[in-house]
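Below is the file coords-v1.txt, which contains compact mmCIF, C-alpha atoms.
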# COMPACT_ATOMS: atom_id res chain seq x y z
CA MET G 1 -8.35 20.01 -19.58
CA ILE G 2 -7.68 16.44 -20.63
CA ASN G 3 -4.67 17.42 -22.70
CA ASN G 4 -2.88 19.52 -20.12
CA LYS G 5 -2.12 16.73 -17.65
CA LYS G 6 1.28 15.09 -17.62
CA LYS G 7 0.88 12.68 -14.74
CA LEU G 8 -1.79 10.10 -13.99
CA VAL G 9 -2.09 8.83 -10.43
CA GLY G 10 -3.44 5.30 -10.10
CA TYR G 11 -6.52 4.50 -8.05
CA VAL G 12 -6.86 0.77 -7.29
CA THR G 13 -8.96 -1.48 -5.12
CA ASN G 14 -8.76 -4.93 -3.58
CA SER G 15 -12.52 -5.20 -3.58
CA ASN G 16 -14.61 -6.56 -6.40
CA PHE G 17 -16.11 -4.18 -8.93
CA ASN G 18 -18.92 -5.26 -11.24
CA GLU G 19 -18.30 -8.88 -10.15
CA LYS G 20 -14.62 -8.68 -11.11
CA ILE G 21 -11.56 -8.89 -8.91
CA ILE G 22 -8.23 -7.87 -10.42
CA PRO G 23 -5.21 -8.26 -8.15
CA ILE G 24 -3.55 -4.90 -7.51
CA PRO G 25 -0.23 -5.80 -9.20
CA PHE G 26 -2.18 -6.50 -12.40
CA GLN G 27 -4.22 -3.30 -12.08
CA ASN G 28 -0.88 -1.52 -11.80
CA ILE G 29 0.48 -3.19 -14.93
CA LEU G 30 -2.62 -2.20 -16.91
CA LEU G 31 -2.55 1.40 -15.72
CA ARG G 32 1.22 1.74 -16.13
CA ASN G 33 1.10 0.35 -19.68
CA TYR G 34 -1.64 2.78 -20.64
CA CYS G 35 0.48 5.66 -19.32
CA LYS G 36 3.57 4.41 -21.14
CA ASP G 37 1.70 4.06 -24.43
CA ASN G 38 0.15 7.51 -24.10
CA ASN G 39 3.15 9.46 -22.79
CA PHE G 40 1.89 10.04 -19.26
CA THR G 41 4.01 9.65 -16.17
CA TYR G 42 2.41 6.98 -14.01
CA VAL G 43 2.33 7.84 -10.33
CA LEU G 44 2.03 5.00 -7.82
CA PRO G 45 -1.58 4.38 -6.89
CA TYR G 46 -3.78 5.10 -3.92
CA ASN G 47 -5.25 1.83 -2.73
CA GLU G 48 -8.85 2.10 -1.51
CA THR G 49 -9.51 0.78 1.98
CA VAL G 50 -11.28 -2.56 2.38
CA PHE G 51 -14.01 -1.04 4.55
CA LYS G 52 -17.45 -1.53 3.08
CA ASN G 53 -18.46 1.27 0.69
CA SER G 54 -15.43 3.32 1.64
CA TYR G 55 -14.09 5.89 -0.81
CA SER G 56 -11.84 7.80 1.59
CA GLN G 57 -8.70 7.16 -0.43
CA LEU G 58 -10.35 8.45 -3.60
CA ILE G 59 -11.45 11.66 -1.88
CA THR G 60 -8.02 12.07 -0.25
CA LEU G 61 -6.33 11.53 -3.61
CA ILE G 62 -8.46 14.09 -5.48
CA ASN G 63 -7.82 16.69 -2.78
CA LYS G 64 -4.08 15.98 -3.00
CA LEU G 65 -3.74 16.20 -6.80
CA ASP G 66 -1.42 18.85 -8.17
CA LYS G 67 -2.07 20.92 -11.31
CA ASP G 68 -0.27 18.49 -13.63
CA SER G 69 -2.14 15.39 -12.47
CA ALA G 70 -5.30 13.45 -13.13
CA ILE G 71 -6.42 10.00 -11.99
CA ILE G 72 -6.44 6.72 -13.86
CA SER G 73 -8.47 3.75 -12.72
CA CYS G 74 -9.60 0.44 -14.16
CA SER G 75 -13.37 0.79 -14.13
CA ILE G 76 -16.36 3.06 -13.53
CA PHE G 77 -17.56 0.39 -11.10
CA MET G 78 -14.84 1.49 -8.70
CA LEU G 79 -16.74 4.73 -8.13
CA PRO G 80 -19.13 5.00 -5.15
CA GLU G 81 -22.46 3.27 -5.61
CA ASN G 82 -24.26 6.12 -3.90
CA GLU G 83 -25.08 8.76 -6.55
CA ASN G 84 -24.66 11.60 -4.06
CA HIS G 85 -21.14 10.40 -3.38
CA VAL G 86 -20.44 10.38 -7.13
CA LYS G 87 -21.71 13.95 -7.22
CA LYS G 88 -19.26 14.81 -4.44
CA VAL G 89 -16.42 13.21 -6.42
CA LEU G 90 -17.41 15.16 -9.53
CA LYS G 91 -17.66 18.42 -7.59
CA LEU G 92 -14.12 17.92 -6.27
CA LEU G 93 -12.81 17.01 -9.73
CA LYS G 94 -14.34 20.19 -11.18
CA TYR G 95 -12.91 22.27 -8.36
CA LYS G 96 -9.45 20.80 -8.98
CA LYS G 97 -9.91 21.14 -12.77
CA THR G 98 -9.01 17.52 -13.29
CA TYR G 99 -10.56 14.19 -14.25
CA ILE G 100 -10.62 10.44 -13.73
CA TYR G 101 -10.01 8.20 -16.73
CA PHE G 102 -11.51 4.69 -16.58
CA LEU G 103 -9.47 2.36 -18.70
CA TYR G 104 -11.82 -0.58 -19.14
CA GLU G 105 -14.81 1.47 -20.34
CA ASN G 106 -12.67 4.23 -21.94
CA ILE G 107 -14.71 6.89 -20.15
CA PHE G 108 -13.60 10.18 -18.58
CA LEU G 109 -15.26 11.76 -15.57
CA ASN G 110 -15.04 15.55 -15.40
CA SER G 111 -18.49 16.85 -16.37
CA ASN G 112 -22.17 16.33 -15.57
CA LEU G 113 -22.56 14.69 -18.95
CA ASP G 114 -19.86 12.14 -18.13
CA SER G 115 -21.55 11.50 -14.82
CA LYS G 116 -24.87 10.78 -16.56
CA LYS G 117 -23.12 8.46 -19.01
CA ILE G 118 -21.45 6.58 -16.16
CA ASN G 119 -24.72 6.36 -14.27
CA PHE G 120 -26.43 4.94 -17.35
CA GLU G 121 -23.68 2.37 -17.95
CA ARG G 122 -23.83 1.21 -14.37
CA LYS G 123 -27.61 0.90 -14.37
CA LEU G 124 -27.36 -1.01 -17.63
CA ALA G 125 -24.95 -3.49 -16.06
CA LYS G 126 -27.35 -4.02 -13.16
CA LEU G 127 -29.90 -5.35 -15.63
CA ASN G 128 -27.76 -8.48 -15.91
CA ASN G 129 -28.72 -9.28 -12.35
CA VAL G 130 -32.37 -8.41 -12.88
CA PHE G 131 -32.76 -10.51 -16.01
CA PHE G 132 -30.40 -13.38 -15.44
CA ASN G 133 -30.13 -13.74 -11.67
CA ASP G 134 -29.97 -17.42 -10.70
CA ASP G 135 -32.29 -17.04 -7.71
CA GLN G 136 -34.94 -15.29 -9.75
CA PHE G 137 -34.60 -17.88 -12.50
CA LYS G 138 -35.15 -20.65 -9.93
CA ARG G 139 -38.17 -18.80 -8.54
CA TYR G 140 -39.69 -18.47 -12.02
CA LEU G 141 -38.89 -22.10 -12.69
CA ASN G 142 -40.65 -23.15 -9.47
CA ILE G 143 -43.70 -21.08 -10.37
CA LEU G 144 -43.78 -22.68 -13.80
CA LEU G 145 -43.33 -26.19 -12.39
CA ASN G 146 -46.03 -25.64 -9.76
CA LYS G 147 -48.42 -24.40 -12.44
CA SER G 148 -47.91 -27.42 -14.62
CA MET O 1 15.13 -8.87 31.10
CA ALA O 2 15.52 -7.38 27.62
CA ASN O 3 12.98 -9.95 26.45
CA ASN O 4 10.38 -8.89 29.00
CA LYS O 5 10.96 -5.25 28.17
CA THR O 6 10.39 -5.90 24.45
CA ILE O 7 7.25 -7.92 25.11
CA ASP O 8 5.81 -5.32 27.52
CA GLN O 9 6.65 -2.41 25.31
CA PHE O 10 5.21 -4.01 22.19
CA SER O 11 2.10 -5.30 23.97
CA ASN O 12 1.34 -1.81 25.26
CA THR O 13 2.32 0.43 22.39
CA GLY O 14 2.60 -1.81 19.29
CA ILE O 15 6.12 -0.58 18.65
CA THR O 16 9.61 -1.19 19.98
CA LYS O 17 13.09 -0.16 18.92
CA PHE O 18 16.43 -1.86 19.51
CA ALA O 19 20.11 -1.92 18.51
CA VAL O 20 21.05 -4.15 15.57
CA ASN O 21 24.18 -6.11 14.75
CA LYS O 22 26.46 -3.48 13.19
CA VAL O 23 28.50 -5.97 11.16
CA ILE O 24 25.39 -7.09 9.26
CA LEU O 25 24.17 -3.51 8.93
CA ASP O 26 27.53 -2.47 7.42
CA GLU O 27 27.32 -5.42 5.04
CA ILE O 28 23.93 -4.18 3.82
CA ASN O 29 25.18 -0.58 3.54
CA ASP O 30 28.22 -1.68 1.52
CA ARG O 31 26.03 -3.75 -0.78
CA VAL O 32 23.66 -0.84 -1.41
CA ILE O 33 26.53 1.53 -2.14
CA SER O 34 28.28 -0.89 -4.48
CA LEU O 35 25.01 -1.42 -6.38
CA ILE O 36 24.47 2.33 -6.70
CA GLN O 37 27.98 2.69 -8.10
CA ARG O 38 27.03 0.37 -10.95
CA LYS O 39 24.44 2.93 -12.06
CA LYS O 40 26.90 5.78 -12.63
CA LYS O 41 24.96 7.03 -15.65
CA LEU O 42 22.07 7.98 -13.38
CA LEU O 43 24.26 9.88 -10.91
CA THR O 44 25.04 13.57 -11.03
CA SER O 45 28.25 13.42 -9.04
CA LYS O 46 31.41 11.32 -9.24
CA ASN O 47 32.17 11.78 -5.56
CA LYS O 48 32.18 8.88 -3.13
CA ILE O 49 28.60 7.76 -2.43
CA SER O 50 27.21 8.49 0.99
CA LEU O 51 23.67 7.37 1.72
CA GLU O 52 23.02 10.33 4.05
CA ASN O 53 24.05 12.75 1.31
CA PHE O 54 22.67 10.80 -1.62
CA HIS O 55 20.59 13.84 -2.65
CA ASN O 56 23.88 15.42 -3.78
CA SER O 57 24.46 12.52 -6.18
CA VAL O 58 21.13 12.02 -7.89
CA ALA O 59 18.36 13.96 -9.62
CA VAL O 60 14.79 13.29 -8.47
CA LYS O 61 13.79 12.20 -12.00
CA ASN O 62 16.27 9.29 -11.82
CA LEU O 63 15.42 8.27 -8.30
CA ASN O 64 12.76 5.72 -9.12
CA GLU O 65 14.97 3.93 -11.63
CA ILE O 66 17.69 3.61 -9.01
CA ARG O 67 15.18 2.51 -6.38
CA MET O 68 13.74 -0.19 -8.65
CA TYR O 69 17.23 -1.39 -9.59
CA LEU O 70 18.30 -1.64 -5.94
CA TYR O 71 15.04 -3.37 -5.01
CA ALA O 72 15.50 -6.01 -7.72
CA GLN O 73 19.19 -6.59 -7.02
CA LEU O 74 18.87 -6.74 -3.23
CA ASN O 75 16.04 -9.25 -3.47
CA LYS O 76 17.94 -11.55 -5.82
CA GLN O 77 18.19 -15.01 -4.26
CA ASP O 78 16.73 -13.77 -0.98
CA TRP O 79 20.03 -12.21 0.09
CA ILE O 80 18.38 -9.25 1.77
CA LEU O 81 15.55 -11.35 3.24
CA ASP O 82 18.08 -13.55 5.03
CA LYS O 83 19.96 -10.49 6.31
CA MET O 84 16.72 -8.98 7.64
CA PHE O 85 15.94 -12.20 9.49
CA GLU O 86 19.43 -12.26 11.00
CA LEU O 87 18.94 -8.70 12.27
CA PHE O 88 15.36 -9.06 13.54
CA ASN O 89 15.45 -12.70 14.67
CA SER O 90 15.07 -12.09 18.44
CA GLN O 91 12.18 -9.63 18.05
CA ILE O 92 10.36 -11.87 15.57
CA LYS O 93 10.67 -14.88 17.89
CA LEU O 94 9.45 -12.92 20.90
CA ILE O 95 6.50 -11.28 19.17
CA LEU O 96 5.44 -13.82 16.52
CA GLY O 97 7.09 -17.17 17.20
CA ASP O 98 8.96 -19.40 14.77
CA GLU O 99 6.75 -20.55 11.93
CA LEU O 100 6.11 -17.57 9.72
CA ALA O 101 4.46 -16.07 6.70
CA VAL O 102 6.52 -13.31 5.14
CA GLN O 103 5.97 -10.73 2.43
CA LYS O 104 7.53 -11.92 -0.80
CA LYS O 105 10.15 -9.15 -1.12
CA VAL O 106 11.94 -6.65 1.10
CA ASN O 107 10.96 -3.06 0.29
CA LEU O 108 13.38 -0.20 -0.08
CA SER O 109 12.46 3.40 0.60
CA ILE O 110 14.54 6.46 -0.36
CA GLN O 111 13.40 9.89 0.84
CA LEU O 112 15.46 12.76 -0.52
CA PRO O 113 15.11 16.11 1.26
CA ASN O 114 12.18 18.13 -0.16
CA ASP O 115 11.18 15.39 -2.62
CA ASN O 116 7.39 15.23 -2.66
CA SER O 117 7.28 12.26 -5.04
CA SER O 118 8.01 9.67 -2.32
CA ILE O 119 5.47 10.61 0.33
CA LEU O 120 3.44 7.78 1.81
CA PRO O 121 0.31 9.30 3.38
CA MET O 122 -1.18 8.15 6.68
CA HIS O 123 -2.57 4.61 6.53
CA SER O 124 -2.86 1.29 8.34
CA ASP O 125 -1.65 -1.75 6.40
CA PHE O 126 -4.90 -3.61 7.08
CA PHE O 127 -6.74 -0.94 5.07
CA SER O 128 -5.78 -2.98 2.01
CA GLY O 129 -6.45 -6.37 3.60
CA GLU O 130 -3.10 -7.20 5.19
CA SER O 131 -3.42 -9.23 8.38
CA ILE O 132 -3.94 -7.32 11.62
CA TYR O 133 -1.47 -9.81 13.16
CA GLN O 134 1.32 -8.58 10.91
CA LEU O 135 4.58 -7.16 12.23
CA ASN O 136 6.53 -4.60 10.21
CA LEU O 137 10.31 -4.70 10.41
CA TRP O 138 11.84 -1.27 9.80
CA LEU O 139 15.56 -0.80 9.26
CA PRO O 140 16.97 2.65 8.46
CA LEU O 141 20.42 2.56 6.87
CA VAL O 142 21.09 6.09 8.13
CA SER O 143 20.13 8.06 11.24
CA VAL O 144 16.55 9.26 10.96
CA ASN O 145 14.92 12.11 12.80
CA LYS O 146 11.43 13.68 12.62
CA THR O 147 10.47 14.33 8.98
CA SER O 148 13.26 12.14 7.60
CA SER O 149 11.79 9.26 9.59
CA MET O 150 8.20 7.98 9.77
CA PHE O 151 5.35 9.06 12.00
CA TYR O 152 2.86 6.89 13.84
CA PHE O 153 -0.06 7.25 16.21
CA LEU O 154 -0.44 5.36 19.48
CA PRO O 155 -3.06 2.55 19.54
CA LYS O 156 -5.86 4.53 21.23
CA ASP O 157 -5.46 7.49 18.87
CA SER O 158 -5.23 5.19 15.84
CA ILE O 159 -8.45 3.36 16.77
CA LYS O 160 -10.29 6.64 17.29
CA MET O 161 -9.21 7.95 13.90
CA ILE O 162 -9.87 4.64 12.12
CA ASN O 163 -13.40 4.64 13.53
CA GLU O 164 -13.84 8.13 12.15
CA ILE O 165 -12.65 6.92 8.71
CA LYS O 166 -15.02 3.93 8.85
CA LYS O 167 -17.94 6.09 9.88
CA ASN O 168 -17.66 8.50 6.95
CA SER O 169 -17.17 6.62 3.68
CA VAL O 170 -16.03 9.76 1.86
CA SER O 171 -13.76 11.21 4.54
CA ASP O 172 -10.48 12.85 3.57
CA LEU O 173 -7.63 11.15 5.42
CA ASN O 174 -5.46 14.25 5.17
CA ILE O 175 -8.03 16.33 7.02
CA ILE O 176 -8.19 13.70 9.78
CA PHE O 177 -4.38 13.62 9.84
CA LYS O 178 -4.09 17.39 10.15
CA LYS O 179 -6.74 17.46 12.85
CA ASN O 180 -4.72 14.98 14.91
CA TYR O 181 -1.25 16.22 13.98
CA LYS O 182 -0.38 17.13 17.58
CA LYS O 183 -0.71 13.49 18.59
CA ILE O 184 1.85 12.09 16.14
CA LYS O 185 4.99 10.37 17.32
CA TRP O 186 8.19 10.40 15.29
CA LEU O 187 10.21 7.21 15.09
CA ASN O 188 13.65 8.73 15.71
CA LEU O 189 16.46 6.22 15.30
CA LYS O 190 20.24 6.50 15.27
CA LYS O 191 22.17 4.57 12.65
CA GLY O 192 22.50 1.08 14.12
CA GLU O 193 18.98 1.06 15.54
CA ALA O 194 15.86 -0.54 14.07
CA ALA O 195 12.21 -0.87 15.00
CA VAL O 196 9.36 -3.35 14.77
CA PHE O 197 5.79 -2.12 14.87
CA SER O 198 2.22 -3.18 14.33
CA PRO O 199 1.15 -1.57 11.06
CA ASN O 200 -2.37 -1.38 12.47
CA LEU O 201 -1.10 1.85 14.03
CA LEU O 202 -1.78 4.68 11.62
CA HIS O 203 1.57 5.61 10.13
CA GLY O 204 3.24 7.17 7.11
CA ASN O 205 5.74 9.84 6.22
CA VAL O 206 5.71 13.52 5.34
CA LEU O 207 7.95 15.69 3.17
CA ASN O 208 11.53 15.21 4.34
CA LYS O 209 12.50 18.65 5.62
CA GLU O 210 15.74 17.48 7.24
CA LYS O 211 19.16 17.86 5.64
CA ASN O 212 19.79 14.15 5.07
CA THR O 213 18.41 11.50 2.75
CA ARG O 214 16.63 8.57 4.31
CA PHE O 215 17.39 5.03 3.11
CA SER O 216 15.32 2.37 4.83
CA LEU O 217 14.24 -1.23 4.34
CA ASN O 218 10.98 -2.74 5.48
CA LEU O 219 9.44 -6.17 5.55
CA ARG O 220 6.08 -7.56 6.68
CA VAL O 221 6.01 -10.76 8.72
CA LYS O 222 3.30 -12.68 10.56
CA ASN O 223 2.89 -16.01 12.27
CA LEU O 224 1.88 -18.59 9.67
CA TYR O 225 -1.15 -19.56 11.77
CA SER O 226 -2.42 -16.13 12.83
CA PRO O 227 -5.58 -15.00 11.00
CA TYR O 228 -5.57 -13.62 7.46
CA ASN O 229 -8.34 -11.39 6.12
CA HIS O 230 -11.65 -13.08 5.26
CA ILE O 231 -12.41 -10.79 2.35
CA TYR O 232 -13.48 -12.74 -0.72
CA GLY O 233 -10.99 -12.29 -3.57
CA ASN O 234 -8.57 -10.13 -1.57
CA GLU O 235 -5.01 -11.01 -2.56
CA LYS O 236 -3.32 -10.19 0.76
CA LYS O 237 -3.24 -13.84 1.73
CA LEU O 238 -0.86 -16.78 1.96
CA GLY O 239 0.47 -17.75 -1.47
CA SER O 240 -0.26 -14.43 -3.15
CA PHE O 241 1.05 -11.77 -0.77
CA TYR O 242 2.76 -13.83 1.94
CA ARG O 243 4.95 -16.87 1.53
CA PRO O 244 5.78 -19.40 4.22
CA TYR O 245 9.07 -19.08 6.01
CA ASN O 246 10.65 -21.62 8.34
CA LEU O 247 7.92 -24.24 7.86
CA LYS O 248 7.94 -26.93 10.53
CA ALA O 249 7.73 -30.65 9.88
CA MET O 250 4.13 -30.90 11.16
CA THR O 251 2.92 -28.30 8.66
CA ILE O 252 4.80 -29.98 5.80
CA PHE O 253 3.42 -33.38 6.84
CA ASN O 254 -0.15 -32.03 6.72
CA ILE O 255 0.41 -30.26 3.40
CA ASN O 256 1.60 -33.56 1.95
CA ASN O 257 -1.16 -35.66 3.52
CA SER O 258 -4.82 -34.65 3.31
CA PHE O 259 -6.19 -35.66 6.70
CA SER O 260 -9.46 -33.90 7.46
CA PHE O 261 -12.31 -33.70 9.98
CA ASP O 262 -14.86 -33.56 7.13
Could you rewrite the structure in this file as C-alpha cells?
Amino acid sequence: MINNKKKLVGYVTNSNFNEKIIPIPFQNILLRNYCKDNNFTYVLPYNETVFKNSYSQLITLINKLDKDSAIISCSIFMLPENENHVKKVLKLLKYKKTYIYFLYENIFLNSNLDSKKINFERKLAKLNNVFFNDDQFKRYLNILLNKS
Amino acid sequence: MANNKTIDQFSNTGITKFAVNKVILDEINDRVISLIQRKKKLLTSKNKISLENFHNSVAVKNLNEIRMYLYAQLNKQDWILDKMFELFNSQIKLILGDELAVQKKVNLSIQLPNDNSSILPMHSDFFSGESIYQLNLWLPLVSVNKTSSMFYFLPKDSIKMINEIKKNSVSDLNIIFKKNYKKIKWLNLKKGEAAVFSPNLLHGNVLNKEKNTRFSLNLRVKNLYSPYNHIYGNEKKLGSFYRPYNLKAMTIFNINNSFSFD
C-alpha cells in the first residue's frame, strides 16, 4: 500500500504539537523536501482549524483522497488526543486504503499495530510532564523544605 | 451615495462588488500575458495568449510552475501590491480606514476548466488564525460565472455551519458543504468588476465546469489596529503574516519611542 502512492497531501497546523510550534511555511518546506527527495508529488496542504481539539480538516482530507494519494504530516502529535478519534482516523484510512506518514518520528499510520506504536510514543512523551513538570518539582521541593 | 451603498451592503452581507479602473486592469492583464509569453517552453500552443482560453495553451502538469513564476514576478518590488491598492483604494478606505496591515504578497489563482488540482474547499480564513477583521480583495482578470468563480455563504448561514464544525471536532466539512449546497451564492463578475468580502464568510471554489479559465488575484488587508488572533504561537500576526502599510506618523513615533503605562 505504501509503495503504490504517487502523491502526498500535506496536513499542517498552526497549533502547538508536543510543545512545538512550527510556522506553516516551514512545515511546508519540510514536507515538500521529503517528497522531492523520495519522488512523491507534493500536494498543497490542508491546514487544520484553530478551534480547540478540532480535526475536521484531517477528516475532510482523508475522505477526499484519491487512489494515488496519501497524507504527509510533521508529527504524530498532530493526531487527535482522544483515542477514539484516532480510531476513527485509522478506520477511514483503512477504508480508503491509504496512510499518513509522520516525518519527524518516521512512523506510518495505516494499521492497528501502527496505532498502538503511536499511542505508546505519545504516552511516553507525556512522562516528561509527569517526571519533570516545574509545578510538581516546586511542590516536592516545598514538601522537602517543610520537612527539614 | 455610492459610499453609503458600499457601507450598507458590506455591513449587512460582508461582501460588495464594484467596477474597477479599466486602464489599471488592462495594465495588469498585459503584464500577466507578457510574463506568460516568457515561459514558452511550458506552453502547448504558439497562438496568441488569451487568459480566458489559457487552457488551450497549457497542460495541467505545467500549470503550477507557471503560477509560481507569475506569482514571483508580479510580486517583485511590490508592483502588483501597488496596483491592487490603486484599484481597491475607495473600498479599503470606506471599510477599513487608512492605516493598514496587509498580507505580504498578492496571490494568484488559475482555475482551468475541469482541473481538480486547484480546488480550494470551503473554509473561513480565520480557521487558520487570520484576523476576523480582515478584508479580502478579489480581482478576476476575466469574466467569472458560477463554477469558474467562487462561492460564499451569507453571514447567518456561515455562522450556523461554523458552529456545527466547532461542535463536532471530527466533522467532515464536505458533508456540511453538501448539506447546505442550496444556500450557496456565486460571486458572478464581469471583466472589469471586482469584489471585497469578509473571509469570515464560508467560501471556496469547486471544479470549474465552465468553458473559460479563471485568472484572479487576491489580497488580505486589515486595519493595523483591529484585533489579531490571541492564539499563542500562531503566525497569522503582524510581522509574520501581515506587514504594515501606510503607517502614520503617530505610529512611527511610538515605535521609535518606548512610552508606556507600565
Residues of chain O within 12 Å of chain G, counting only C-alpha atoms, as a ChimeraX atom specification: /O:61,64,116-131,162-177,229-237,240-241
Nearest-residue call for Pro45 of chain G, choices G:Arg122, G:Lys7, G:Lys67, G:Lys117, using all atoms listed in the file: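 For Pro45 of chain G, the nearest of the candidates is G:Lys7.
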Spatial sel., origin (14.8, 2.0, 5.9), limit 8 Å, only C-alpha atoms, listed as a list in words: Leu108, Ser109, Ile110, Trp138, Leu139, Pro140, Leu141, Val142, Arg214, Phe215, Ser216, Leu217 and Asn218 of chain O
Same residues, C-alpha atoms, saved as a PDB file, keeping the file's coordinate frame:
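And here is the file that came out, part29.pdb:
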ATOM      1  CA  LEU O 108      13.380  -0.200  -0.080  1.00  0.00           C
ATOM      2  CA  SER O 109      12.460   3.400   0.600  1.00  0.00           C
ATOM      3  CA  ILE O 110      14.540   6.460  -0.360  1.00  0.00           C
ATOM      4  CA  TRP O 138      11.840  -1.270   9.800  1.00  0.00           C
ATOM      5  CA  LEU O 139      15.560  -0.800   9.260  1.00  0.00           C
ATOM      6  CA  PRO O 140      16.970   2.650   8.460  1.00  0.00           C
ATOM      7  CA  LEU O 141      20.420   2.560   6.870  1.00  0.00           C
ATOM      8  CA  VAL O 142      21.090   6.090   8.130  1.00  0.00           C
ATOM      9  CA  ARG O 214      16.630   8.570   4.310  1.00  0.00           C
ATOM     10  CA  PHE O 215      17.390   5.030   3.110  1.00  0.00           C
ATOM     11  CA  SER O 216      15.320   2.370   4.830  1.00  0.00           C
ATOM     12  CA  LEU O 217      14.240  -1.230   4.340  1.00  0.00           C
ATOM     13  CA  ASN O 218      10.980  -2.740   5.480  1.00  0.00           C
TER      14      ASN O 218
END
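Counting all atoms listed in the file and comparing O:Asn56, O:Ser158, O:Ser90, O:Asn21, the residue that lies closest to Val196 of chain O is O:Ser90.
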Atomic distance atom CA of Ile159 of chain O - atom CA of Asn3 of chain O, expressed in Å with one decimal: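 Spanning atom CA of Ile159 of chain O to atom CA of Asn3 of chain O is a straight-line distance of 27.0 Å.
Using only C-alpha atoms, the shortest contact distance between Trp79 of chain O and any of O:Lys40, O:Arg31, O:His55, O:Lys191 is found at O:Arg31.
Counting from atom CA of Asn53 of chain O, the distance to atom CA of Gly204 of chain O is 22.3 Å.
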Test item: residues at most 8 Å from Leu207 of chain O, only C-alpha atoms, excluding those fewer than 2 positions along its chain, as an NGL selection string: :O and (113-116 or 119 or 147-148 or 205 or 209)
I need the residues from that last selection saved to file as a short mmCIF file (atom, residue, chain, number, x, y, z; two decimals), keeping the file's coordinate frame (with C-alpha atoms), if you can.
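Contents of the output file part00.cif:
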data_model
loop_
_atom_site.label_atom_id
_atom_site.label_comp_id
_atom_site.auth_asym_id
_atom_site.auth_seq_id
_atom_site.Cartn_x
_atom_site.Cartn_y
_atom_site.Cartn_z
CA PRO O 113 15.11 16.11 1.26
CA ASN O 114 12.18 18.13 -0.16
CA ASP O 115 11.18 15.39 -2.62
CA ASN O 116 7.39 15.23 -2.66
CA ILE O 119 5.47 10.61 0.33
CA THR O 147 10.47 14.33 8.98
CA SER O 148 13.26 12.14 7.60
CA ASN O 205 5.74 9.84 6.22
CA LYS O 209 12.50 18.65 5.62
#
Polymer residues at most 10 Å from Leu137 of chain O, all atoms listed in the file, same-chain spacing of 3 or more positions, as number ranges by chain: O: 84-85, 87-88, 91-92, 106, 134, 194-199, 217-221
Interatomic distance, atom CA of Tyr99 of chain G to atom CA of Ala70 of chain G (Å, one decimal):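 Computing it gives 5.4 Å between the two atoms.
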Contacts of Ile66 of chain O within 12 Å, all atoms listed in the file, excl. fewer than 6 positions in-chain, as an MDAnalysis selection string: chainID O and resid 32:33 35:43 54 57:60 72:74 108:110
Restricting it to C-alpha atoms, dump the selection as a JSON list (two decimals), in the frame of the given file.
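The resulting selection20.json:
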[["chain", "number", "residue", "atom", "x", "y", "z"],
["O", 32, "VAL", "CA", 23.66, -0.84, -1.41],
["O", 33, "ILE", "CA", 26.53, 1.53, -2.14],
["O", 35, "LEU", "CA", 25.01, -1.42, -6.38],
["O", 36, "ILE", "CA", 24.47, 2.33, -6.70],
["O", 37, "GLN", "CA", 27.98, 2.69, -8.10],
["O", 38, "ARG", "CA", 27.03, 0.37, -10.95],
["O", 39, "LYS", "CA", 24.44, 2.93, -12.06],
["O", 40, "LYS", "CA", 26.90, 5.78, -12.63],
["O", 41, "LYS", "CA", 24.96, 7.03, -15.65],
["O", 42, "LEU", "CA", 22.07, 7.98, -13.38],
["O", 43, "LEU", "CA", 24.26, 9.88, -10.91],
["O", 54, "PHE", "CA", 22.67, 10.80, -1.62],
["O", 57, "SER", "CA", 24.46, 12.52, -6.18],
["O", 58, "VAL", "CA", 21.13, 12.02, -7.89],
["O", 59, "ALA", "CA", 18.36, 13.96, -9.62],
["O", 60, "VAL", "CA", 14.79, 13.29, -8.47],
["O", 72, "ALA", "CA", 15.50, -6.01, -7.72],
["O", 73, "GLN", "CA", 19.19, -6.59, -7.02],
["O", 74, "LEU", "CA", 18.87, -6.74, -3.23],
["O", 108, "LEU", "CA", 13.38, -0.20, -0.08],
["O", 109, "SER", "CA", 12.46, 3.40, 0.60],
["O", 110, "ILE", "CA", 14.54, 6.46, -0.36]]
Spatial neighbours of segment 108-112 of chain G, max dist 7 Å, all atoms listed in the file, sep filter under 4 positions, as a PyMOL selection string: chain G and resi 90+93-94+98-102+116
So that I have them on file, write out the residues from the current selection with C-alpha atoms, as a short mmCIF file (atom, residue, chain, number, x, y, z; two decimals), keeping the file's coordinate frame.
data_model
loop_
_atom_site.label_atom_id
_atom_site.label_comp_id
_atom_site.auth_asym_id
_atom_site.auth_seq_id
_atom_site.Cartn_x
_atom_site.Cartn_y
_atom_site.Cartn_z
CA LEU G 90 -17.41 15.16 -9.53
CA LEU G 93 -12.81 17.01 -9.73
CA LYS G 94 -14.34 20.19 -11.18
CA THR G 98 -9.01 17.52 -13.29
CA TYR G 99 -10.56 14.19 -14.25
CA ILE G 100 -10.62 10.44 -13.73
CA TYR G 101 -10.01 8.20 -16.73
CA PHE G 102 -11.51 4.69 -16.58
CA LYS G 116 -24.87 10.78 -16.56
#
Shell around Lys105 of chain O at 9 Å using only C-alpha atoms, local window under 2 positions removed, as an MDAnalysis selection string: chainID O and resid 71 75 78 80:81 102:103 107 219:220
Closest of G:Asn33, G:Asn128, G:Thr41, G:Asn119 to Ile76 of chain G - atom-to-atom distances counting all atoms listed in the file: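 For Ile76 of chain G, the nearest of the given residues is G:Asn119.
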Which of O:Asn200, O:Tyr242, O:Tyr152, O:Thr44 sits closest to Tyr181 of chain O [using only C-alpha atoms]: O:Tyr152
Nearest to Asp114 of chain G, chosen from G:Leu31, G:Lys96, G:Met78, G:Val86, with only C-alpha atoms counted in the distances: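 Smallest separation from Asp114 of chain G among the options: G:Val86.
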